[in-house]
Every structure is written in C-alpha cells, then in structure tokens.
file model-v3.cif (mmCIF, C-alpha atoms)
data_structure
#
loop_
_atom_site.group_PDB
_atom_site.id
_atom_site.type_symbol
_atom_site.label_atom_id
_atom_site.label_comp_id
_atom_site.auth_asym_id
_atom_site.auth_seq_id
_atom_site.Cartn_x
_atom_site.Cartn_y
_atom_site.Cartn_z
ATOM 1 C CA MET U 1 12.968 -9.528 -9.392
ATOM 2 C CA LYS U 2 14.730 -7.691 -6.573
ATOM 3 C CA ILE U 3 12.653 -5.132 -4.671
ATOM 4 C CA ALA U 4 13.240 -2.680 -1.832
ATOM 5 C CA ILE U 5 10.719 -1.911 0.918
ATOM 6 C CA LEU U 6 10.777 1.317 2.893
ATOM 7 C CA GLN U 7 9.496 1.256 6.463
ATOM 8 C CA MET U 8 9.176 4.822 7.733
ATOM 9 C CA THR U 9 7.780 7.019 10.495
ATOM 10 C CA ALA U 10 6.177 9.774 8.443
ATOM 11 C CA GLY U 11 5.300 13.076 10.069
ATOM 12 C CA PHE U 12 3.192 16.016 9.004
ATOM 13 C CA ASP U 13 6.055 17.910 7.325
ATOM 14 C CA PRO U 14 6.047 16.970 3.612
ATOM 15 C CA ALA U 15 9.606 18.251 3.093
ATOM 16 C CA ALA U 16 10.968 15.939 5.784
ATOM 17 C CA ASN U 17 9.035 13.000 4.342
ATOM 18 C CA ALA U 18 10.274 13.810 0.832
ATOM 19 C CA ALA U 19 13.868 13.706 2.064
ATOM 20 C CA VAL U 20 13.340 10.207 3.493
ATOM 21 C CA LEU U 21 11.689 9.012 0.291
ATOM 22 C CA THR U 22 14.253 10.399 -2.153
ATOM 23 C CA ASP U 23 17.085 8.983 -0.050
ATOM 24 C CA ALA U 24 15.327 5.610 -0.144
ATOM 25 C CA VAL U 25 15.109 5.812 -3.954
ATOM 26 C CA ALA U 26 18.871 6.316 -4.175
ATOM 27 C CA GLN U 27 19.581 3.525 -1.665
ATOM 28 C CA ALA U 28 17.187 1.130 -3.397
ATOM 29 C CA LYS U 29 18.902 1.656 -6.734
ATOM 30 C CA ALA U 30 22.352 1.318 -5.179
ATOM 31 C CA GLY U 31 21.250 -1.939 -3.575
ATOM 32 C CA GLY U 32 20.258 -3.399 -6.922
ATOM 33 C CA ALA U 33 16.482 -3.162 -6.593
ATOM 34 C CA GLU U 34 14.260 -2.835 -9.649
ATOM 35 C CA MET U 35 11.426 -1.294 -7.641
ATOM 36 C CA LEU U 36 10.890 0.523 -4.337
ATOM 37 C CA PHE U 37 7.700 0.128 -2.283
ATOM 38 C CA THR U 38 6.721 2.776 0.298
ATOM 39 C CA PRO U 39 3.939 2.873 2.932
ATOM 40 C CA GLU U 40 0.487 4.392 3.030
ATOM 41 C CA MET U 41 0.481 8.168 3.571
ATOM 42 C CA SER U 42 4.091 8.593 2.506
ATOM 43 C CA ASN U 43 3.731 12.335 1.939
ATOM 44 C CA MET U 44 2.180 13.211 5.309
ATOM 45 C CA LEU U 45 0.622 11.436 8.260
ATOM 46 C CA ASP U 46 -1.490 13.871 10.267
ATOM 47 C CA ARG U 47 -4.744 13.178 12.078
ATOM 48 C CA ASN U 48 -5.099 16.896 12.873
ATOM 49 C CA ARG U 49 -7.278 17.728 9.909
ATOM 50 C CA VAL U 50 -7.191 21.469 10.462
ATOM 51 C CA ARG U 51 -3.403 21.416 10.192
ATOM 52 C CA ALA U 52 -3.482 18.895 7.327
ATOM 53 C CA GLU U 53 -5.812 21.197 5.406
ATOM 54 C CA GLN U 54 -2.959 23.707 5.175
ATOM 55 C CA THR U 55 -0.577 21.127 3.740
ATOM 56 C CA ILE U 56 -2.520 18.820 1.460
ATOM 57 C CA ARG U 57 -2.277 19.567 -2.263
ATOM 58 C CA HIS U 58 -3.748 18.408 -5.554
ATOM 59 C CA GLU U 59 -1.738 15.600 -7.118
ATOM 60 C CA ALA U 60 -0.231 17.893 -9.766
ATOM 61 C CA GLU U 61 0.981 20.290 -7.060
ATOM 62 C CA ASP U 62 2.180 17.794 -4.453
ATOM 63 C CA PRO U 63 5.863 18.505 -3.701
ATOM 64 C CA VAL U 64 6.551 15.014 -2.397
ATOM 65 C CA LEU U 65 5.273 13.383 -5.564
ATOM 66 C CA ALA U 66 7.325 15.795 -7.670
ATOM 67 C CA ALA U 67 10.478 15.052 -5.672
ATOM 68 C CA VAL U 68 10.047 11.277 -5.908
ATOM 69 C CA ARG U 69 9.279 11.405 -9.634
ATOM 70 C CA LYS U 70 12.496 13.322 -10.199
ATOM 71 C CA ALA U 71 14.492 10.972 -7.974
ATOM 72 C CA ALA U 72 13.086 7.923 -9.789
ATOM 73 C CA ALA U 73 13.944 9.408 -13.178
ATOM 74 C CA ASP U 74 17.433 10.384 -12.048
ATOM 75 C CA VAL U 75 18.356 6.787 -11.220
ATOM 76 C CA GLY U 76 15.917 4.863 -13.436
ATOM 77 C CA LEU U 77 13.829 3.047 -10.793
ATOM 78 C CA TRP U 78 10.223 1.906 -10.546
ATOM 79 C CA VAL U 79 8.597 3.340 -7.398
ATOM 80 C CA HIS U 80 5.304 2.392 -5.815
ATOM 81 C CA LEU U 81 4.321 5.306 -3.590
ATOM 82 C CA GLY U 82 2.094 3.303 -1.271
ATOM 83 C CA SER U 83 -0.260 6.229 -0.959
ATOM 84 C CA LEU U 84 -0.375 9.994 -0.812
ATOM 85 C CA ALA U 85 -3.023 12.193 0.761
ATOM 86 C CA VAL U 86 -4.153 14.466 -2.073
ATOM 87 C CA ARG U 87 -7.040 16.816 -2.725
ATOM 88 C CA GLY U 88 -9.865 15.663 -4.957
ATOM 89 C CA GLU U 89 -10.053 16.971 -8.467
ATOM 90 C CA GLY U 90 -12.999 19.319 -7.793
ATOM 91 C CA ARG U 91 -12.893 22.248 -5.376
ATOM 92 C CA ALA U 92 -15.564 20.802 -3.095
ATOM 93 C CA ASP U 93 -14.423 17.182 -3.420
ATOM 94 C CA LYS U 94 -13.173 15.187 -0.472
ATOM 95 C CA TRP U 95 -9.521 14.166 -0.270
ATOM 96 C CA ARG U 96 -8.157 10.971 -1.797
ATOM 97 C CA ASN U 97 -5.912 8.298 -0.326
ATOM 98 C CA ARG U 98 -4.084 7.559 -3.570
ATOM 99 C CA ALA U 99 -1.451 4.999 -4.558
ATOM 100 C CA ILE U 100 0.818 6.043 -7.414
ATOM 101 C CA VAL U 101 3.170 3.884 -9.477
ATOM 102 C CA ILE U 102 6.080 5.803 -11.016
ATOM 103 C CA ALA U 103 7.963 4.417 -14.011
ATOM 104 C CA PRO U 104 11.778 4.675 -14.337
ATOM 105 C CA ASP U 105 11.435 7.735 -16.571
ATOM 106 C CA GLY U 106 9.488 9.567 -13.858
ATOM 107 C CA SER U 107 6.098 9.244 -15.552
ATOM 108 C CA ILE U 108 3.022 8.039 -13.685
ATOM 109 C CA ALA U 109 2.155 4.506 -14.773
ATOM 110 C CA ALA U 110 -0.927 3.943 -12.582
ATOM 111 C CA ARG U 111 -3.118 5.453 -9.865
ATOM 112 C CA TYR U 112 -5.423 3.771 -7.368
ATOM 113 C CA ASP U 113 -7.735 5.435 -4.847
ATOM 114 C CA LYS U 114 -8.300 3.405 -1.667
ATOM 115 C CA ILE U 115 -11.734 1.782 -1.881
ATOM 116 C CA HIS U 116 -12.416 0.816 1.736
ATOM 117 C CA LEU U 117 -12.296 3.618 4.314
ATOM 118 C CA PHE U 118 -11.530 2.935 7.969
ATOM 119 C CA ASP U 119 -14.454 4.084 10.145
ATOM 120 C CA VAL U 120 -14.219 2.512 13.594
ATOM 121 C CA ASP U 121 -14.192 3.064 17.355
ATOM 122 C CA LEU U 122 -11.516 0.929 19.001
ATOM 123 C CA ALA U 123 -11.516 -0.475 22.522
ATOM 124 C CA SER U 124 -8.327 1.538 23.137
ATOM 125 C CA GLY U 125 -10.379 4.738 22.865
ATOM 126 C CA GLU U 126 -9.066 5.610 19.401
ATOM 127 C CA SER U 127 -11.677 6.677 16.861
ATOM 128 C CA TRP U 128 -11.086 6.820 13.100
ATOM 129 C CA ARG U 129 -13.446 8.328 10.524
ATOM 130 C CA GLU U 130 -11.679 8.303 7.168
ATOM 131 C CA SER U 131 -14.936 8.814 5.297
ATOM 132 C CA SER U 132 -15.480 12.213 6.907
ATOM 133 C CA VAL U 133 -12.701 13.737 4.771
ATOM 134 C CA TYR U 134 -11.733 11.062 2.231
ATOM 135 C CA GLN U 135 -13.693 9.734 -0.716
ATOM 136 C CA GLY U 136 -13.259 6.084 -1.546
ATOM 137 C CA GLY U 137 -12.306 4.764 -4.949
ATOM 138 C CA GLU U 138 -14.524 2.450 -6.959
ATOM 139 C CA GLN U 139 -12.190 0.453 -9.197
ATOM 140 C CA ALA U 140 -9.463 -2.118 -8.611
ATOM 141 C CA VAL U 141 -6.261 -1.307 -10.517
ATOM 142 C CA ALA U 142 -3.326 -3.394 -11.746
ATOM 143 C CA VAL U 143 -0.275 -2.249 -13.705
ATOM 144 C CA ARG U 144 2.138 -4.119 -15.974
ATOM 145 C CA LEU U 145 5.780 -4.083 -14.891
ATOM 146 C CA PRO U 146 8.619 -5.504 -17.003
ATOM 147 C CA HIS U 147 8.508 -8.928 -15.328
ATOM 148 C CA ALA U 148 5.147 -9.054 -13.528
ATOM 149 C CA VAL U 149 1.691 -7.547 -13.072
ATOM 150 C CA LEU U 150 1.317 -5.506 -9.887
ATOM 151 C CA GLY U 151 -2.087 -5.214 -8.195
ATOM 152 C CA LEU U 152 -2.759 -2.146 -6.049
ATOM 153 C CA SER U 153 -4.549 -1.933 -2.715
ATOM 154 C CA ILE U 154 -4.178 0.133 0.463
ATOM 155 C CA CYS U 155 -4.277 -0.840 4.157
ATOM 156 C CA TYR U 156 -7.927 -1.476 5.189
ATOM 157 C CA ASP U 157 -8.605 -3.076 1.781
ATOM 158 C CA ILE U 158 -6.766 -6.118 3.156
ATOM 159 C CA ARG U 159 -9.914 -7.138 5.069
ATOM 160 C CA PHE U 160 -11.987 -7.362 1.870
ATOM 161 C CA PRO U 161 -11.026 -10.381 -0.251
ATOM 162 C CA ALA U 162 -13.122 -9.233 -3.227
ATOM 163 C CA VAL U 163 -10.455 -6.632 -4.021
ATOM 164 C CA TYR U 164 -7.800 -9.328 -4.330
ATOM 165 C CA ALA U 165 -10.070 -11.657 -6.300
ATOM 166 C CA ALA U 166 -10.506 -8.829 -8.821
ATOM 167 C CA LEU U 167 -6.749 -8.275 -8.951
ATOM 168 C CA SER U 168 -5.994 -11.965 -9.476
ATOM 169 C CA ARG U 169 -8.575 -12.060 -12.282
ATOM 170 C CA ALA U 170 -6.601 -9.204 -13.844
ATOM 171 C CA GLY U 171 -3.477 -11.378 -13.722
ATOM 172 C CA ALA U 172 -1.730 -9.921 -10.654
ATOM 173 C CA ASP U 173 1.520 -11.679 -9.775
ATOM 174 C CA ILE U 174 2.296 -9.277 -6.936
ATOM 175 C CA VAL U 175 -0.131 -7.370 -4.728
ATOM 176 C CA ALA U 176 0.932 -4.259 -2.838
ATOM 177 C CA VAL U 177 -0.668 -3.526 0.542
ATOM 178 C CA PRO U 178 0.928 -0.299 1.854
ATOM 179 C CA ALA U 179 -0.350 0.469 5.318
ATOM 180 C CA ALA U 180 -0.420 2.548 8.470
ATOM 181 C CA PHE U 181 -1.925 -0.142 10.710
ATOM 182 C CA THR U 182 -2.733 0.711 14.305
ATOM 183 C CA VAL U 183 -0.784 -1.257 16.903
ATOM 184 C CA PRO U 184 -3.739 -3.242 18.371
ATOM 185 C CA THR U 185 -5.099 -4.308 14.993
ATOM 186 C CA GLY U 186 -1.603 -4.966 13.710
ATOM 187 C CA GLU U 187 -0.764 -7.269 16.576
ATOM 188 C CA ALA U 188 -4.024 -9.155 16.113
ATOM 189 C CA HIS U 189 -4.457 -9.409 12.370
ATOM 190 C CA TRP U 190 -1.604 -8.036 10.215
ATOM 191 C CA HIS U 191 0.376 -11.215 9.580
ATOM 192 C CA VAL U 192 -2.592 -13.556 9.194
ATOM 193 C CA LEU U 193 -4.447 -11.273 6.780
ATOM 194 C CA LEU U 194 -1.445 -10.737 4.526
ATOM 195 C CA ARG U 195 -0.599 -14.425 4.461
ATOM 196 C CA ALA U 196 -4.239 -15.269 3.706
ATOM 197 C CA ARG U 197 -4.356 -12.877 0.747
ATOM 198 C CA ALA U 198 -1.139 -14.396 -0.626
ATOM 199 C CA ILE U 199 -2.379 -17.960 -0.224
ATOM 200 C CA GLU U 200 -5.851 -17.469 -1.677
ATOM 201 C CA SER U 201 -4.492 -15.701 -4.782
ATOM 202 C CA ALA U 202 -1.220 -17.671 -5.013
ATOM 203 C CA CYS U 203 0.730 -14.458 -5.545
ATOM 204 C CA PHE U 204 3.378 -12.387 -3.790
ATOM 205 C CA VAL U 205 2.195 -9.785 -1.282
ATOM 206 C CA VAL U 206 4.382 -6.748 -0.575
ATOM 207 C CA ALA U 207 3.266 -4.668 2.394
ATOM 208 C CA ALA U 208 5.333 -1.569 3.191
ATOM 209 C CA ALA U 209 4.246 -0.098 6.516
ATOM 210 C CA GLN U 210 4.453 2.948 8.712
ATOM 211 C CA THR U 211 6.000 2.314 12.129
ATOM 212 C CA GLY U 212 6.562 3.875 15.540
ATOM 213 C CA THR U 213 5.268 7.046 17.185
ATOM 214 C CA HIS U 214 4.462 9.812 14.732
ATOM 215 C CA ALA U 215 4.555 13.586 15.107
ATOM 216 C CA ASP U 216 0.754 13.738 15.280
ATOM 217 C CA GLY U 217 0.766 11.407 18.297
ATOM 218 C CA ARG U 218 -0.451 8.213 16.722
ATOM 219 C CA SER U 219 1.460 4.912 16.797
ATOM 220 C CA THR U 220 1.673 2.424 13.951
ATOM 221 C CA TYR U 221 2.576 -1.242 13.954
ATOM 222 C CA GLY U 222 5.385 -1.573 11.416
ATOM 223 C CA HIS U 223 6.365 -5.135 10.444
ATOM 224 C CA SER U 224 6.555 -4.486 6.711
ATOM 225 C CA LEU U 225 6.119 -7.926 5.169
ATOM 226 C CA VAL U 226 6.825 -9.737 1.957
ATOM 227 C CA VAL U 227 4.900 -13.003 1.615
ATOM 228 C CA ASP U 228 5.342 -15.582 -1.130
ATOM 229 C CA PRO U 229 2.492 -17.413 -2.942
ATOM 230 C CA TRP U 230 2.683 -20.364 -0.529
ATOM 231 C CA GLY U 231 2.190 -18.038 2.441
ATOM 232 C CA ASP U 232 5.803 -18.089 3.614
ATOM 233 C CA VAL U 233 7.114 -14.797 5.027
ATOM 234 C CA LEU U 234 10.221 -13.790 3.090
ATOM 235 C CA LEU U 235 10.786 -10.540 5.006
ATOM 236 C CA ASP U 236 9.517 -9.083 8.289
ATOM 237 C CA MET U 237 11.101 -5.710 9.079
ATOM 238 C CA GLY U 238 10.045 -5.574 12.725
ATOM 239 C CA ASP U 239 9.350 -2.155 14.197
ATOM 240 C CA ALA U 240 12.426 -0.110 13.212
ATOM 241 C CA PRO U 241 12.410 2.337 10.278
ATOM 242 C CA GLY U 242 14.693 1.425 7.403
ATOM 243 C CA LEU U 243 15.054 -0.166 4.014
ATOM 244 C CA GLY U 244 14.747 -3.873 3.326
ATOM 245 C CA PHE U 245 15.588 -5.891 0.228
ATOM 246 C CA VAL U 246 14.191 -9.177 -1.036
ATOM 247 C CA ASP U 247 14.265 -11.196 -4.244
ATOM 248 C CA LEU U 248 10.911 -12.286 -5.648
ATOM 249 C CA PRO U 249 11.309 -15.494 -7.682
ATOM 250 C CA ILE U 250 8.359 -14.922 -10.022
ATOM 251 C CA GLU U 251 8.557 -18.511 -11.254
ATOM 252 C CA ARG U 252 7.385 -19.550 -7.759
ATOM 253 C CA ILE U 253 3.847 -18.457 -8.717
ATOM 254 C CA ALA U 254 3.469 -21.107 -11.417
ATOM 255 C CA GLU U 255 4.954 -23.738 -9.099
ATOM 256 C CA VAL U 256 2.463 -22.971 -6.312
ATOM 257 C CA ARG U 257 -0.506 -22.731 -8.677
ATOM 258 C CA SER U 258 0.358 -26.137 -10.121
ATOM 259 C CA ARG U 259 0.296 -27.634 -6.611
ATOM 260 C CA VAL U 260 -2.921 -25.896 -5.534
ATOM 261 C CA PRO U 261 -4.695 -24.485 -8.617
ATOM 262 C CA VAL U 262 -6.780 -21.876 -6.810
ATOM 263 C CA ILE U 263 -7.018 -19.592 -9.851
ATOM 264 C CA ALA U 264 -7.909 -22.330 -12.342
ATOM 265 C CA ASN U 265 -10.455 -23.879 -9.945
ATOM 266 C CA ARG U 266 -12.153 -20.613 -8.987
ATOM 267 C CA ARG U 267 -15.835 -20.381 -9.966
ATOM 268 C CA PRO U 268 -18.346 -17.523 -9.791
ATOM 269 C CA VAL U 269 -20.377 -17.620 -6.584
ATOM 270 C CA GLY U 270 -23.887 -16.197 -6.371
ATOM 271 C CA GLU U 271 -25.542 -14.766 -3.294
ATOM 272 C CA ALA U 272 -26.095 -17.252 -0.460
ATOM 273 C CA ILE U 273 -29.542 -18.743 0.027
ATOM 274 C CA VAL U 274 -30.841 -18.952 3.587
ATOM 275 C CA ALA U 275 -32.702 -22.258 3.843
#
call {"tool": "encode", "arguments": {"input": "model-v3.cif", "output": "structure tokens"}}
result
Amino acid sequence: MKIAILQMTAGFDPAANAAVLTDAVAQAKAGGAEMLFTPEMSNMLDRNRVRAEQTIRHEAEDPVLAAVRKAAADVGLWVHLGSLAVRGEGRADKWRNRAIVIAPDGSIAARYDKIHLFDVDLASGESWRESSVYQGGEQAVAVRLPHAVLGLSICYDIRFPAVYAALSRAGADIVAVPAAFTVPTGEAHWHVLLRARAIESACFVVAAAQTGTHADGRSTYGHSLVVDPWGDVLLDMGDAPGLGFVDLPIERIAEVRSRVPVIANRRPVGEAIVA
C-alpha cells in the first residue's frame, strides 16, 4: 500500500491552506499513492482565538473540507485530513479538533474528535490551554480501508497508550498520529513515542506533522514519520515542508506479530494494588 504524507506550515488563512492541500491531493495521486495523510489543524493554525473565531466554521460549512473532498473525488484518492478545527454542533458548544477520513468518491468515511487536550505550561514560557476552547472526544475510532484498518488519533493522544490499545483491539493495522508538536517536546519525545506506539501494537504508525514558523508566531517540530511494526523508521521528513511517499508492506504486520505476539499475549489488567 503506497501512501503520501504532507508536511506543511499551515497559517490562519483557510484559502491558502486549502490550496496547499488540494495540490497535495493531485501530487499524491500522480505519485501513485492510494492515500494522502495530512497534519493536525490542516485548515487553520491560529493561537489568536479572537481572530480564529472569525474563521472557524461548522464541519458542513468548512471551505477547506469542501475543497479537499472535491479534490479527492476528482482524482479518486483516499485522504486522511489529520484534523480540522471546527465548531461544535450546538451554538454554545466548544470547538472540536476533528480528524476526517475522505473516501475516493469524496464522501466522509469516518470522523474522530481528539480525546486528550493539551493543557500545559512549558519551561520555554509557552502556555497551551486547548480545553478552554476545545471539547475532547470520548470514543476511539477506526475505519476500514481496502487493504487495511486505519486507527485514528491526534497529536497529544500519543502520550496515552490506552487509545492505541483500543485501536489494536479494533484490528488497526495502521495508526495515524497527525500532529503540530512544539519544538521542545518534539526534540525530546516525538521519535521515541511514535516508535513505542508502533512496537507495542505491532502496527504501522503514520504521523504527518506541521513544521516551521507559522503565521501566528508559533513554531512546530516537523519530522513527519512513518514507522513499521518492528519500530523501524521508514520515513523521516526532517523540517522542510513537502510531500513524502512510502510503501507500507501490510504483510509485515503478521511477520512481526509472529515473532513477538503482543496482541495474542495481551491480557486485561485491573487496577494496581498498593501493598
């Protein structure tokens, strides 16, 4: 299964981001990919919430989603929009950080709302409070593709193995981890966390990432990765925007699981007892 991974430097202008995404759809198809993976916050990346309030739309009205659905249908390509910032369904609801899988006919095959929200004060002086405007999801989601089952997650979820245990129980062969990792946390933890999730679930991990300095002033780490079930890195895109391609030999999953049967040997674990 050949896939394409978009590494981008999204700004707060949805039209500009849509142009990058639709061009990537065309390039991915031309390069022989069956599916394109894009980063977290593909439609807009803006920490100025007053400005973002003027731009964010409900899913059904989001112009970036509409453009990518049309582009996918035009060429017949699966697209995993790593995530979009969208309004909640109710008027007073918080926003959602939502992954969307688009089928080759342009229909929406699956949605996943990011469960774990990033609330932290970093030593660098940066402060992030996703929960002040976003509402977390409650359910892990996987979707059947023609040759594999794709499990969905987003960025900060990577630090919570229970998400990936749930996805492997659902039969995930590939797990997507679109992200907009900060530079300090990326340098410290990005590679090791992604490799750990691949190894413990014996599946492929595809992590499309934001990179560089964005229009809102933040910087992201880049290094979009594809990791195989043994933990080997098949692709590391460094810190430059662009499109990468990689073949996923799905048969590798069975080979690895026969060597180290982590799925077959997994048992339910109750709460720890403090003796």
call {"tool": "closest_residue", "arguments": {"input": "model-v3.cif", "among": "U:Val20, U:Ala165, U:Leu225, U:Met8", "to": "U:Ala240", "atoms": "all atoms listed in the file"}}
result
U:Met8
call {"tool": "residues_around", "arguments": {"input": "model-v3.cif", "residues": "U:Arg47", "least_positions_apart": "6", "cutoff": "9 Å", "atoms": "all atoms listed in the file", "output": "PDB file with C-alpha atoms, keeping the file's coordinate frame"}}
result
ATOM      1  CA  PHE U  12       3.192  16.016   9.004  1.00  0.00           C
ATOM      2  CA  ASP U 216       0.754  13.738  15.280  1.00  0.00           C
ATOM      3  CA  GLY U 217       0.766  11.407  18.297  1.00  0.00           C
ATOM      4  CA  ARG U 218      -0.451   8.213  16.722  1.00  0.00           C
TER       5      ARG U 218
END
call {"tool": "residues_near_point", "arguments": {"input": "model-v3.cif", "point": "(5.7, -15.8, -9.2)", "cutoff": "7 Å", "atoms": "only C-alpha atoms", "output": "list in words"}}
result
Asp173, Cys203, Phe204, Pro249, Ile250, Glu251, Arg252, Ile253 and Ala254 of chain U
call {"tool": "write_last_selection", "arguments": {"input": "model-v3.cif", "atoms": "C-alpha atoms", "output": "PDB file, keeping the file's coordinate frame"}}
result
ATOM      1  CA  ASP U 173       1.520 -11.679  -9.775  1.00  0.00           C
ATOM      2  CA  CYS U 203       0.730 -14.458  -5.545  1.00  0.00           C
ATOM      3  CA  PHE U 204       3.378 -12.387  -3.790  1.00  0.00           C
ATOM      4  CA  PRO U 249      11.309 -15.494  -7.682  1.00  0.00           C
ATOM      5  CA  ILE U 250       8.359 -14.922 -10.022  1.00  0.00           C
ATOM      6  CA  GLU U 251       8.557 -18.511 -11.254  1.00  0.00           C
ATOM      7  CA  ARG U 252       7.385 -19.550  -7.759  1.00  0.00           C
ATOM      8  CA  ILE U 253       3.847 -18.457  -8.717  1.00  0.00           C
ATOM      9  CA  ALA U 254       3.469 -21.107 -11.417  1.00  0.00           C
TER      10      ALA U 254
END
call {"tool": "atom_distance", "arguments": {"input": "model-v3.cif", "atom1": "atom CA of U:Val141", "atom2": "atom CA of U:Asp93"}}
result
21.4 Å
call {"tool": "resolve_selection", "arguments": {"input": "model-v3.cif", "expression": "the PyMOL selection byres ((chain U and resi 96) around 7)", "output": "PyMOL selection string"}}
result
chain U and resi 85-88+94-95+97-98+113+134-135
call {"tool": "atom_distance", "arguments": {"input": "model-v3.cif", "atom1": "atom CA of U:Ile199", "atom2": "atom CA of U:Gly231"}}
result
5.3 Å
call {"tool": "closest_residue", "arguments": {"input": "model-v3.cif", "among": "U:Leu150, U:Met44, U:Ile158, U:Ala26", "to": "U:Ala71", "atoms": "all atoms listed in the file"}}
result
U:Ala26
call {"tool": "resolve_selection", "arguments": {"input": "model-v3.cif", "expression": "the PyMOL selection byres ((chain U and resi 31-36) around 6)", "output": "list in words"}}
result
Lys2, Ile3, Ala4, Ile5, Ala28, Lys29, Ala30, Phe37, Leu77, Trp78 and Val79 of chain U
